[in-house]
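Printed here is protein.cif (mmCIF, C-alpha atoms):
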data_final
#
loop_
_atom_site.group_PDB
_atom_site.id
_atom_site.type_symbol
_atom_site.label_atom_id
_atom_site.label_comp_id
_atom_site.auth_asym_id
_atom_site.auth_seq_id
_atom_site.Cartn_x
_atom_site.Cartn_y
_atom_site.Cartn_z
ATOM 1 C CA PRO A 702 5.904 20.287 117.335
ATOM 2 C CA PHE A 703 9.632 19.860 117.995
ATOM 3 C CA ALA A 704 12.720 21.679 116.791
ATOM 4 C CA ASN A 705 16.139 20.376 115.879
ATOM 5 C CA ARG A 706 16.601 16.769 117.103
ATOM 6 C CA ILE A 707 14.998 14.242 119.431
ATOM 7 C CA ALA A 708 17.601 11.662 120.488
ATOM 8 C CA ASN A 709 16.982 8.275 118.896
ATOM 9 C CA GLY A 710 13.487 9.528 117.999
ATOM 10 C CA THR A 711 12.348 8.383 121.446
ATOM 11 C CA TYR A 712 10.787 10.206 124.409
ATOM 12 C CA SER A 713 8.450 9.634 127.344
ATOM 13 C CA PHE A 714 5.496 11.858 128.175
ATOM 14 C CA PHE A 715 3.647 11.316 131.452
ATOM 15 C CA GLY A 716 4.983 7.776 131.645
ATOM 16 C CA THR A 717 4.147 6.743 128.075
ATOM 17 C CA LYS A 718 7.015 6.097 125.662
ATOM 18 C CA HIS A 719 6.668 7.404 122.111
ATOM 19 C CA TYR A 720 8.696 6.616 118.992
ATOM 20 C CA LEU A 721 9.175 9.229 116.260
ATOM 21 C CA SER A 722 10.421 8.422 112.781
ATOM 22 C CA ARG A 723 14.214 8.664 112.737
ATOM 23 C CA ASN A 724 15.055 10.613 109.606
ATOM 24 C CA GLU A 725 18.687 11.598 110.237
ATOM 25 C CA CYS A 726 20.872 8.517 110.398
ATOM 26 C CA PRO A 727 24.357 9.077 108.923
ATOM 27 C CA THR A 728 26.088 5.704 109.189
ATOM 28 C CA GLY A 729 27.733 5.113 112.539
ATOM 29 C CA ILE A 730 27.292 8.698 113.767
ATOM 30 C CA ARG A 731 23.746 9.232 115.072
ATOM 31 C CA CYS A 732 20.152 8.307 114.327
ATOM 32 C CA ASP A 733 17.627 10.897 115.488
ATOM 33 C CA ALA A 734 14.296 12.500 114.614
ATOM 34 C CA LEU A 735 15.013 15.847 112.936
ATOM 35 C CA HIS A 736 13.036 19.045 112.180
ATOM 36 C CA GLY A 737 9.546 18.111 113.320
ATOM 37 C CA PHE A 738 6.801 17.455 110.756
ATOM 38 C CA LEU A 739 5.687 20.628 108.995
ATOM 39 C CA PHE A 740 8.799 21.104 106.866
ATOM 40 C CA ASN A 741 7.455 18.524 104.404
ATOM 41 C CA ARG A 742 3.678 18.632 104.980
ATOM 42 C CA THR A 743 1.027 20.289 102.817
ATOM 43 C CA LEU A 744 -0.572 23.220 104.659
ATOM 44 C CA ARG A 745 -3.963 24.816 103.937
ATOM 45 C CA VAL A 746 -4.293 28.443 102.886
ATOM 46 C CA LEU A 747 -6.466 30.003 105.577
ATOM 47 C CA ARG A 748 -6.429 33.636 104.472
ATOM 48 C CA SER A 749 -4.444 36.249 102.593
ATOM 49 C CA GLU A 750 -4.397 40.027 102.544
ATOM 50 C CA THR A 751 -2.680 42.723 100.504
ATOM 51 C CA ALA A 752 -2.361 46.459 101.001
ATOM 52 C CA PRO A 753 -0.008 49.174 99.731
ATOM 53 C CA SER A 754 2.291 48.693 102.728
ATOM 54 C CA PHE A 755 2.139 44.921 103.316
ATOM 55 C CA ALA A 756 1.115 41.484 102.098
ATOM 56 C CA SER A 757 0.254 38.532 104.324
ATOM 57 C CA LEU A 758 -0.502 34.844 103.945
ATOM 58 C CA THR A 759 -1.699 32.535 106.728
ATOM 59 C CA LEU A 760 -1.297 28.769 106.411
ATOM 60 C CA GLY A 761 -2.757 26.130 108.705
ATOM 61 C CA TYR A 762 -2.326 22.519 109.700
ATOM 62 C CA ASN A 763 -4.351 20.252 111.960
ATOM 63 C CA PHE A 764 -2.710 17.525 114.042
ATOM 64 C CA ASP A 765 -5.580 15.102 114.635
ATOM 65 C CA GLY A 766 -3.784 12.572 116.839
ATOM 66 C CA THR A 767 -3.375 10.033 114.034
ATOM 67 C CA ASN A 768 -1.449 11.752 111.235
ATOM 68 C CA SER A 769 1.948 12.045 112.922
ATOM 69 C CA PRO A 770 3.398 8.728 114.156
ATOM 70 C CA GLY A 771 5.117 9.163 117.508
ATOM 71 C CA TRP A 772 3.153 12.329 118.308
ATOM 72 C CA PRO A 773 -0.431 11.184 119.024
ATOM 73 C CA PHE A 774 -1.731 14.577 120.138
ATOM 74 C CA LYS A 775 -4.262 17.093 118.847
ATOM 75 C CA ALA A 776 -3.384 20.670 117.986
ATOM 76 C CA THR A 777 -3.981 23.304 115.342
ATOM 77 C CA VAL A 778 -1.147 25.384 113.913
ATOM 78 C CA GLU A 779 -1.335 28.689 112.082
ATOM 79 C CA LEU A 780 1.692 30.266 110.386
ATOM 80 C CA GLU A 781 1.345 33.867 109.287
ATOM 81 C CA TYR A 782 3.863 35.263 106.797
ATOM 82 C CA ARG A 783 3.788 39.067 106.514
ATOM 83 C CA LEU A 784 6.036 41.223 104.332
ATOM 84 C CA THR A 785 6.078 44.987 104.864
ATOM 85 C CA ALA A 786 7.280 47.682 102.471
ATOM 86 C CA GLN A 787 8.060 51.088 103.949
ATOM 87 C CA THR A 788 9.459 54.038 102.039
ATOM 88 C CA SER A 789 11.453 55.276 105.041
ATOM 89 C CA GLU A 790 13.037 52.006 106.184
ATOM 90 C CA PRO A 791 13.942 48.528 104.921
ATOM 91 C CA GLY A 792 11.163 46.015 104.457
ATOM 92 C CA VAL A 793 10.584 43.471 107.220
ATOM 93 C CA ALA A 794 9.414 39.868 106.938
ATOM 94 C CA TYR A 795 7.443 38.571 109.926
ATOM 95 C CA ILE A 796 6.616 34.949 110.704
ATOM 96 C CA THR A 797 4.139 34.390 113.528
ATOM 97 C CA THR A 798 3.338 30.919 114.856
ATOM 98 C CA ARG A 799 0.097 30.266 116.717
ATOM 99 C CA VAL A 800 -0.552 26.837 118.202
ATOM 100 C CA THR A 801 -3.717 25.748 119.998
ATOM 101 C CA ASN A 802 -3.895 22.601 122.088
ATOM 102 C CA THR A 803 -7.174 20.921 121.090
ATOM 103 C CA GLU A 804 -6.839 17.989 123.473
ATOM 104 C CA MET A 805 -9.940 17.972 125.678
ATOM 105 C CA SER A 806 -8.150 17.784 129.032
ATOM 106 C CA ALA A 807 -4.486 16.967 128.515
ATOM 107 C CA ALA A 808 -1.132 18.630 128.029
ATOM 108 C CA LEU A 809 0.998 17.936 124.973
ATOM 109 C CA PRO A 810 4.742 18.175 124.280
ATOM 110 C CA PHE A 811 5.647 21.133 122.079
ATOM 111 C CA PHE A 812 8.426 23.545 121.281
ATOM 112 C CA ASN A 813 8.900 25.824 118.315
ATOM 113 C CA SER A 814 11.472 26.961 115.782
ATOM 114 C CA TRP A 815 11.925 28.019 112.216
ATOM 115 C CA HIS A 816 14.951 27.406 110.013
ATOM 116 C CA PRO A 817 15.785 30.369 107.717
ATOM 117 C CA TYR A 818 18.850 30.544 105.471
ATOM 118 C CA PHE A 819 20.481 33.911 104.788
ATOM 119 C CA LYS A 820 22.509 34.440 101.622
ATOM 120 C CA VAL A 821 25.958 36.047 101.926
ATOM 121 C CA ALA A 822 28.810 36.608 99.476
ATOM 122 C CA ASP A 823 31.350 34.567 101.472
ATOM 123 C CA VAL A 824 30.329 32.502 104.509
ATOM 124 C CA SER A 825 33.880 32.446 105.875
ATOM 125 C CA LYS A 826 34.011 36.258 106.120
ATOM 126 C CA ALA A 827 30.555 36.746 107.589
ATOM 127 C CA THR A 828 30.280 38.079 111.137
ATOM 128 C CA ILE A 829 27.686 36.829 113.607
ATOM 129 C CA ARG A 830 26.553 39.305 116.268
ATOM 130 C CA PHE A 831 24.400 38.047 119.126
ATOM 131 C CA ASP A 832 22.096 40.335 121.068
ATOM 132 C CA VAL A 833 23.783 41.702 124.215
ATOM 133 C CA CYS A 834 20.911 43.679 125.725
ATOM 134 C CA GLY A 835 20.502 42.634 129.344
ATOM 135 C CA SER A 836 24.060 41.336 129.590
ATOM 136 C CA LYS A 837 25.998 42.849 132.468
ATOM 137 C CA SER A 838 28.400 45.549 131.216
ATOM 138 C CA ASN A 839 27.850 44.231 127.668
ATOM 139 C CA VAL A 840 29.649 41.009 128.592
ATOM 140 C CA SER A 841 28.142 38.192 126.580
ATOM 141 C CA ALA A 842 25.711 35.995 128.437
ATOM 142 C CA TRP A 843 25.675 33.460 125.611
ATOM 143 C CA ARG A 844 26.884 29.902 126.090
ATOM 144 C CA HIS A 845 27.889 27.289 123.561
ATOM 145 C CA LEU A 846 26.297 23.921 124.255
ATOM 146 C CA THR A 847 28.602 20.918 124.358
ATOM 147 C CA MET A 848 27.486 18.056 122.129
ATOM 148 C CA GLY A 849 28.852 14.522 121.770
ATOM 149 C CA ALA A 850 32.413 13.644 120.817
ATOM 150 C CA GLY A 851 33.148 14.501 117.190
ATOM 151 C CA ALA A 852 30.403 17.132 116.917
ATOM 152 C CA PRO A 853 29.394 18.981 114.920
ATOM 153 C CA ARG A 854 30.462 17.147 111.786
ATOM 154 C CA LYS A 855 30.812 13.566 112.953
ATOM 155 C CA GLY A 856 29.341 13.403 116.431
ATOM 156 C CA ASP A 857 26.101 13.265 118.357
ATOM 157 C CA LEU A 858 24.293 16.619 118.172
ATOM 158 C CA ILE A 859 22.321 16.124 121.375
ATOM 159 C CA PRO A 860 23.170 18.464 124.317
ATOM 160 C CA THR A 861 25.260 16.791 127.005
ATOM 161 C CA GLY A 862 24.200 19.163 129.798
ATOM 162 C CA HIS A 863 27.492 21.068 129.628
ATOM 163 C CA SER A 864 28.273 24.432 128.034
ATOM 164 C CA THR A 865 31.060 26.994 127.728
ATOM 165 C CA PRO A 866 31.015 30.825 127.528
ATOM 166 C CA TRP A 867 30.858 32.235 124.007
ATOM 167 C CA SER A 868 31.575 35.638 122.499
ATOM 168 C CA SER A 869 28.636 37.703 121.314
ATOM 169 C CA SER A 870 30.458 38.512 118.055
ATOM 170 C CA TRP A 871 32.731 36.418 115.840
ATOM 171 C CA ILE A 872 33.763 35.768 112.231
ATOM 172 C CA ILE A 873 32.865 32.335 110.833
ATOM 173 C CA GLY A 874 36.372 31.763 109.433
ATOM 174 C CA GLY A 875 37.846 29.154 107.116
ATOM 175 C CA THR A 876 37.966 29.792 103.369
ATOM 176 C CA ARG A 877 35.356 30.739 100.802
ATOM 177 C CA GLU A 878 35.173 27.209 99.430
ATOM 178 C CA ARG A 879 35.461 25.587 102.855
ATOM 179 C CA PRO A 880 34.117 27.840 105.618
ATOM 180 C CA THR A 881 34.357 26.689 109.227
ATOM 181 C CA TYR A 882 31.758 23.959 109.631
ATOM 182 C CA MET A 883 29.213 24.736 112.317
ATOM 183 C CA ASP A 884 26.058 22.939 113.387
ATOM 184 C CA ASP A 885 26.235 24.471 116.846
ATOM 185 C CA GLU A 886 23.740 25.490 119.492
ATOM 186 C CA PHE A 887 23.839 28.565 121.721
ATOM 187 C CA VAL A 888 21.642 29.676 124.610
ATOM 188 C CA SER A 889 21.112 33.019 126.331
ATOM 189 C CA THR A 890 21.617 32.800 130.077
ATOM 190 C CA THR A 891 20.501 36.374 130.811
ATOM 191 C CA PRO A 892 17.815 36.257 133.550
ATOM 192 C CA ASN A 893 14.363 37.357 132.431
ATOM 193 C CA ASP A 894 14.408 40.248 134.934
ATOM 194 C CA ASP A 895 17.423 41.723 133.136
ATOM 195 C CA PHE A 896 15.396 42.013 129.915
ATOM 196 C CA ASP A 897 13.043 44.598 131.431
ATOM 197 C CA MET A 898 14.799 47.499 129.684
ATOM 198 C CA CYS A 899 15.374 45.577 126.425
ATOM 199 C CA PRO A 900 13.303 45.439 123.249
ATOM 200 C CA LYS A 901 10.782 42.622 123.248
ATOM 201 C CA ASN A 902 12.816 40.654 120.690
ATOM 202 C CA PHE A 903 16.307 39.258 120.454
ATOM 203 C CA GLU A 904 18.126 40.998 117.595
ATOM 204 C CA GLN A 905 20.689 38.667 116.030
ATOM 205 C CA GLN A 906 22.774 39.937 113.133
ATOM 206 C CA ILE A 907 24.622 38.463 110.170
ATOM 207 C CA VAL A 908 27.024 40.973 108.609
ATOM 208 C CA ASP A 909 28.015 40.246 104.995
ATOM 209 C CA GLU A 910 31.627 41.374 105.410
ATOM 210 C CA GLY A 911 32.720 39.506 102.271
ATOM 211 C CA GLY A 912 30.142 41.295 100.142
ATOM 212 C CA ASP A 913 28.605 44.740 100.345
ATOM 213 C CA GLY A 914 28.522 44.876 104.147
ATOM 214 C CA ASP A 915 24.755 44.495 104.376
ATOM 215 C CA VAL A 916 23.397 43.530 107.781
ATOM 216 C CA VAL A 917 20.562 41.039 108.128
ATOM 217 C CA VAL A 918 18.753 41.345 111.470
ATOM 218 C CA LEU A 919 16.821 38.337 112.739
ATOM 219 C CA PHE A 920 14.238 39.276 115.364
ATOM 220 C CA ALA A 921 12.952 36.515 117.655
ATOM 221 C CA ASP A 922 10.755 37.022 120.697
ATOM 222 C CA ARG A 923 12.455 36.294 123.994
ATOM 223 C CA GLN A 924 10.765 32.929 124.389
ATOM 224 C CA HIS A 925 13.278 31.849 121.757
ATOM 225 C CA ARG A 926 16.423 31.870 123.894
ATOM 226 C CA VAL A 927 18.200 29.152 121.891
ATOM 227 C CA PHE A 928 19.814 29.555 118.459
ATOM 228 C CA GLN A 929 21.349 26.980 116.133
ATOM 229 C CA ILE A 930 23.895 28.065 113.521
ATOM 230 C CA PHE A 931 24.556 25.887 110.474
ATOM 231 C CA THR A 932 27.267 26.768 107.937
ATOM 232 C CA GLY A 933 27.351 23.452 106.051
ATOM 233 C CA ALA A 934 25.180 24.618 103.153
ATOM 234 C CA LYS A 935 28.290 25.541 101.130
ATOM 235 C CA GLU A 936 29.786 22.102 101.592
ATOM 236 C CA GLY A 937 26.530 20.230 101.160
ATOM 237 C CA TRP A 938 24.786 22.044 98.318
ATOM 238 C CA GLY A 939 27.110 24.808 97.155
ATOM 239 C CA TRP A 940 25.012 27.531 98.800
ATOM 240 C CA ASP A 941 26.691 30.707 100.087
ATOM 241 C CA ALA A 942 24.279 30.862 102.998
ATOM 242 C CA ILE A 943 24.072 30.621 106.773
ATOM 243 C CA ALA A 944 21.172 29.076 108.684
ATOM 244 C CA LEU A 945 20.326 30.869 111.928
ATOM 245 C CA GLU A 946 17.523 29.016 113.706
ATOM 246 C CA PRO A 947 15.674 30.495 116.720
ATOM 247 C CA MET A 948 14.262 27.828 119.041
ATOM 248 C CA SER A 949 12.045 28.015 122.123
ATOM 249 C CA ALA A 950 13.934 25.138 123.823
ATOM 250 C CA LEU A 951 17.110 23.103 123.503
ATOM 251 C CA ALA A 952 17.487 20.279 121.024
ATOM 252 C CA ASP A 953 16.046 17.076 122.516
ATOM 253 C CA ALA A 954 13.796 19.138 124.812
ATOM 254 C CA TYR A 955 11.295 16.261 125.048
ATOM 255 C CA ASN A 956 13.983 14.463 127.044
ATOM 256 C CA ASN A 957 15.869 17.290 128.774
ATOM 257 C CA GLY A 958 12.982 19.612 129.671
#

Conversion result in C-alpha cells:
Amino acid sequence: PFANRIANGTYSFFGTKHYLSRNECPTGIRCDALHGFLFNRTLRVLRSETAPSFASLTLGYNFDGTNSPGWPFKATVELEYRLTAQTSEPGVAYITTRVTNTEMSAALPFFNSWHPYFKVADVSKATIRFDVCGSKSNVSAWRHLTMGAGAPRKGDLIPTGHSTPWSSSWIIGGTRERPTYMDDEFVSTTPNDDFDMCPKNFEQQIVDEGGDGDVVVLFADRQHRVFQIFTGAKEGWGWDAIALEPMSALADAYNNG
C-alpha cells in the first residue's frame, strides 16, 4: 500500500501514529520502511486465461487489518498480468492493479507502484527518454527531487520539498563496470489540462545504445506522475539492468501528502 520509502517507518493518519517495520537500515545512513508489503507475500491465483493472442494471470491478496503491522486497514488487491502476442507489432506486457477499500466507513492511506528491471547490454551507455507530451514547446516539465545530503548512495532518500529542472533525455554515463549510480526520483509538473491532447499513458523509454539499439517503452497511466530510476543493480548484484519505477505519489507520501 506504499511505494518506495516511508521515513523512519512512521506516519500519522487522522491523528493516529503508526509504525511500519523498518527494513532498510544501512548503518549510519537511514532507517526507513521500503517497498510496501506485497513484494515478499504469497498471493492467491484468482483466475487465468489463454488465447492465441494473449495470456493473463490475476493474483490477489487480502489485507484484513491484522496481517500487516503498521498498516491496520482492510483492502483487497488484484494484480493482473497480461502478455499479448501480435504478428504485426511487438508483444506488450500489461500489469493492472485494482485495489478496493473494504473498511466499512473509513479512508485508508494508499499509493501504488511497481518496480520492473530492464536488461541492457551496458547501463552506462543506455539513454533514458522521458515523455514530453504536454510540455510547452517540448521543453521538459520534469523535475529532479532533492534528497538528503549524500544521496543517492550515502544519504537520506526522502524528498526534502525541493527540486531542480531535469532534461527529458540523458545518457546514464560512467563505465560499463561502474555506471553512474542513481537512486533518484523525478516528477512531471505538466498540468493535467495540458495532457488533453496526449495519449492516456506516460511513455518512458530506455534505449539500449550499448547493445543492439532496442527501445523498451514503459507505459504508465497519468496517475503515475513520479518515477524512480535505480542503476545500482550492476554494483550490487552484477546485473546489467536499470530499474524504472512508476509511482502514483512521491516517496514518503504518507507524510508529505

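Checking A:Gln906, A:Asp832, A:Thr932, A:Gly856 one by one against Pro727 in chain A, counting all atoms listed in the file, you find the shortest gap at A:Gly856.
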
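Taking only C-alpha atoms into account, Asn893 in chain A lies nearest to A:Cys834 out of the set A:Phe928, A:Glu910, A:Cys834, A:Ala794.
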
**Q.** Picked residues, the PyMOL selection byres ((chain A and resi 762) around 6), as a PyMOL selection string
**A.** chain A and resi 744+761+763+777-778

Go ahead and dump the residues you just picked, C-alpha atoms, as a PDB file, in the frame of the given file.
ATOM      1  CA  LEU A 744      -0.572  23.220 104.659  1.00  0.00           C
ATOM      2  CA  GLY A 761      -2.757  26.130 108.705  1.00  0.00           C
ATOM      3  CA  ASN A 763      -4.351  20.252 111.960  1.00  0.00           C
ATOM      4  CA  THR A 777      -3.981  23.304 115.342  1.00  0.00           C
ATOM      5  CA  VAL A 778      -1.147  25.384 113.913  1.00  0.00           C
TER       6      VAL A 778
END

Q: To verify the selection step, state as number ranges by chain which residues the PyMOL selection byres ((chain A and resi 706) around 6) yields on this input.
A: A: 705, 707, 734-735, 952-953

Given the file shown, determine the residues that the PyMOL selection byres ((chain A and resi 776) around 8) selects; report them as a JSON list (two decimals) with C-alpha atoms, in the coordinates of the input.
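File produced: out.json:
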[["chain", "number", "residue", "atom", "x", "y", "z"],
["A", 763, "ASN", "CA", -4.35, 20.25, 111.96],
["A", 764, "PHE", "CA", -2.71, 17.52, 114.04],
["A", 765, "ASP", "CA", -5.58, 15.10, 114.64],
["A", 774, "PHE", "CA", -1.73, 14.58, 120.14],
["A", 775, "LYS", "CA", -4.26, 17.09, 118.85],
["A", 777, "THR", "CA", -3.98, 23.30, 115.34],
["A", 778, "VAL", "CA", -1.15, 25.38, 113.91],
["A", 800, "VAL", "CA", -0.55, 26.84, 118.20],
["A", 801, "THR", "CA", -3.72, 25.75, 120.00],
["A", 802, "ASN", "CA", -3.90, 22.60, 122.09],
["A", 803, "THR", "CA", -7.17, 20.92, 121.09],
["A", 804, "GLU", "CA", -6.84, 17.99, 123.47]]

Q: Quote the spacing between CA of Leu784 in chain A and CA of Phe812 in chain A in Å to one decimal place.
A: 24.6 Å

(Q) Show me the residues close to (29.6, 36.4, 99.2) - anything with an atom within 8 Å, counting all atoms listed in the file - and format the list as a list of chain:residue names. (A) A:Lys820, A:Val821, A:Ala822, A:Asp823, A:Val824, A:Asp909, A:Gly911, A:Gly912, A:Asp941

Q) If you measure from CA of Trp940 in chain A to CA of Phe740 in chain A, what distance in Å do you get, rounded to one decimal? A) 19.2 Å

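Residue nearest Ser722 in chain A, chosen from A:Asn709, A:Gln924, A:Asn741, A:Thr798 and counting all atoms listed in the file: A:Asn709.
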
Q: Compare A:Ile907, A:Ala808, A:Val833, A:Leu951 by their minimum atom-to-atom distance to Thr847 in chain A, counting all atoms listed in the file, and give me the closest one.
A: A:Leu951

Q.
Around the point (26.2, 8.1, 116.6) (coordinates from the file), which residues reach within 7 Å if we count all atoms listed in the file? Answer as a ChimeraX atom specification.
A. /A:729-732,856-857

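Among the candidate residues A:Lys826, A:Phe903, A:His845, A:Ala704, the one lying nearest to Ala954 in chain A is A:Ala704, with distances computed using all atoms listed in the file.
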
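Closest approach to Lys901 in chain A from the set A:Phe920, A:Arg877, A:Thr743, A:Gly958 is made by A:Phe920, with distances taken over only C-alpha atoms.
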
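Between CA of Ser757 in chain A and CA of Tyr782 in chain A the separation is 5.5 Å.
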
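Neighbouring residues of Asp922 in chain A at 12 Å or closer, counting all atoms listed in the file and skipping chain neighbours under 5 positions away, are Tyr795, Ile796, Thr797, Thr798, Asn813, Ser814, Asp832, Phe896, Cys899, Pro900, Lys901, Asn902, Phe903, Glu904, Gln905, Val927, Phe928, Pro947, Met948 and Ser949 of chain A.
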
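For Thr711 in chain A, the list of residues within 8 Å, based on all atoms listed in the file and with local chain neighbours fewer than 4 positions off taken out, reads Ile707, Lys718, His719, Tyr720 and Leu721 of chain A.
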
Let me have the centre and edge lengths of the axis-aligned box enclosing all listed atoms of range 729-736 of chain A with 8 Å padding on every side, in Å to one decimal, as AutoDock Vina command-line options.
--center_x 20.4 --center_y 12.1 --center_z 113.8 --size_x 30.7 --size_y 29.9 --size_z 19.3

Block slice range 805-853 of chain A, C-alpha atoms, emitted as a short mmCIF file (atom, residue, chain, number, x, y, z; two decimals), in the first residue's frame:
data_model
loop_
_atom_site.label_atom_id
_atom_site.label_comp_id
_atom_site.auth_asym_id
_atom_site.auth_seq_id
_atom_site.Cartn_x
_atom_site.Cartn_y
_atom_site.Cartn_z
CA MET A 805 -16.88 -0.11 6.42
CA SER A 806 -16.79 3.68 6.73
CA ALA A 807 -13.20 4.91 6.76
CA ALA A 808 -10.47 6.10 4.44
CA LEU A 809 -7.10 4.37 4.28
CA PRO A 810 -3.62 5.52 3.24
CA PHE A 811 -2.54 4.10 -0.11
CA PHE A 812 -0.34 4.78 -3.09
CA ASN A 813 0.86 2.46 -5.81
CA SER A 814 3.95 1.47 -7.76
CA TRP A 815 5.69 -1.44 -9.37
CA HIS A 816 9.43 -1.99 -9.66
CA PRO A 817 10.49 -3.52 -13.01
CA TYR A 818 14.10 -4.07 -14.08
CA PHE A 819 15.03 -3.79 -17.76
CA LYS A 820 18.07 -5.62 -19.10
CA VAL A 821 20.54 -3.69 -21.27
CA ALA A 822 23.97 -4.50 -22.70
CA ASP A 823 25.75 -1.62 -20.92
CA VAL A 824 23.99 0.51 -18.29
CA SER A 825 26.46 3.37 -18.72
CA LYS A 826 25.57 3.79 -22.42
CA ALA A 827 21.82 3.49 -22.03
CA THR A 828 19.69 6.54 -22.78
CA ILE A 829 16.63 7.47 -20.73
CA ARG A 830 13.89 9.38 -22.55
CA PHE A 831 11.04 10.85 -20.52
CA ASP A 832 7.65 11.57 -22.03
CA VAL A 833 7.38 15.19 -23.24
CA CYS A 834 3.77 15.26 -24.41
CA GLY A 835 2.04 18.23 -22.81
CA SER A 836 5.30 20.06 -22.19
CA LYS A 837 5.34 23.56 -23.63
CA SER A 838 7.35 23.67 -26.88
CA ASN A 839 8.76 20.23 -25.99
CA VAL A 840 10.65 21.77 -23.07
CA SER A 841 10.91 19.19 -20.33
CA ALA A 842 8.49 19.62 -17.47
CA TRP A 843 10.31 17.01 -15.40
CA ARG A 844 11.97 17.88 -12.10
CA HIS A 845 14.58 16.02 -10.11
CA LEU A 846 13.67 15.77 -6.43
CA THR A 847 16.32 16.83 -3.94
CA MET A 848 17.02 14.23 -1.25
CA GLY A 849 19.18 14.43 1.87
CA ALA A 850 22.89 15.22 1.92
CA GLY A 851 24.94 12.39 0.44
CA ALA A 852 22.08 10.96 -1.64
CA PRO A 853 21.67 8.79 -3.52
#
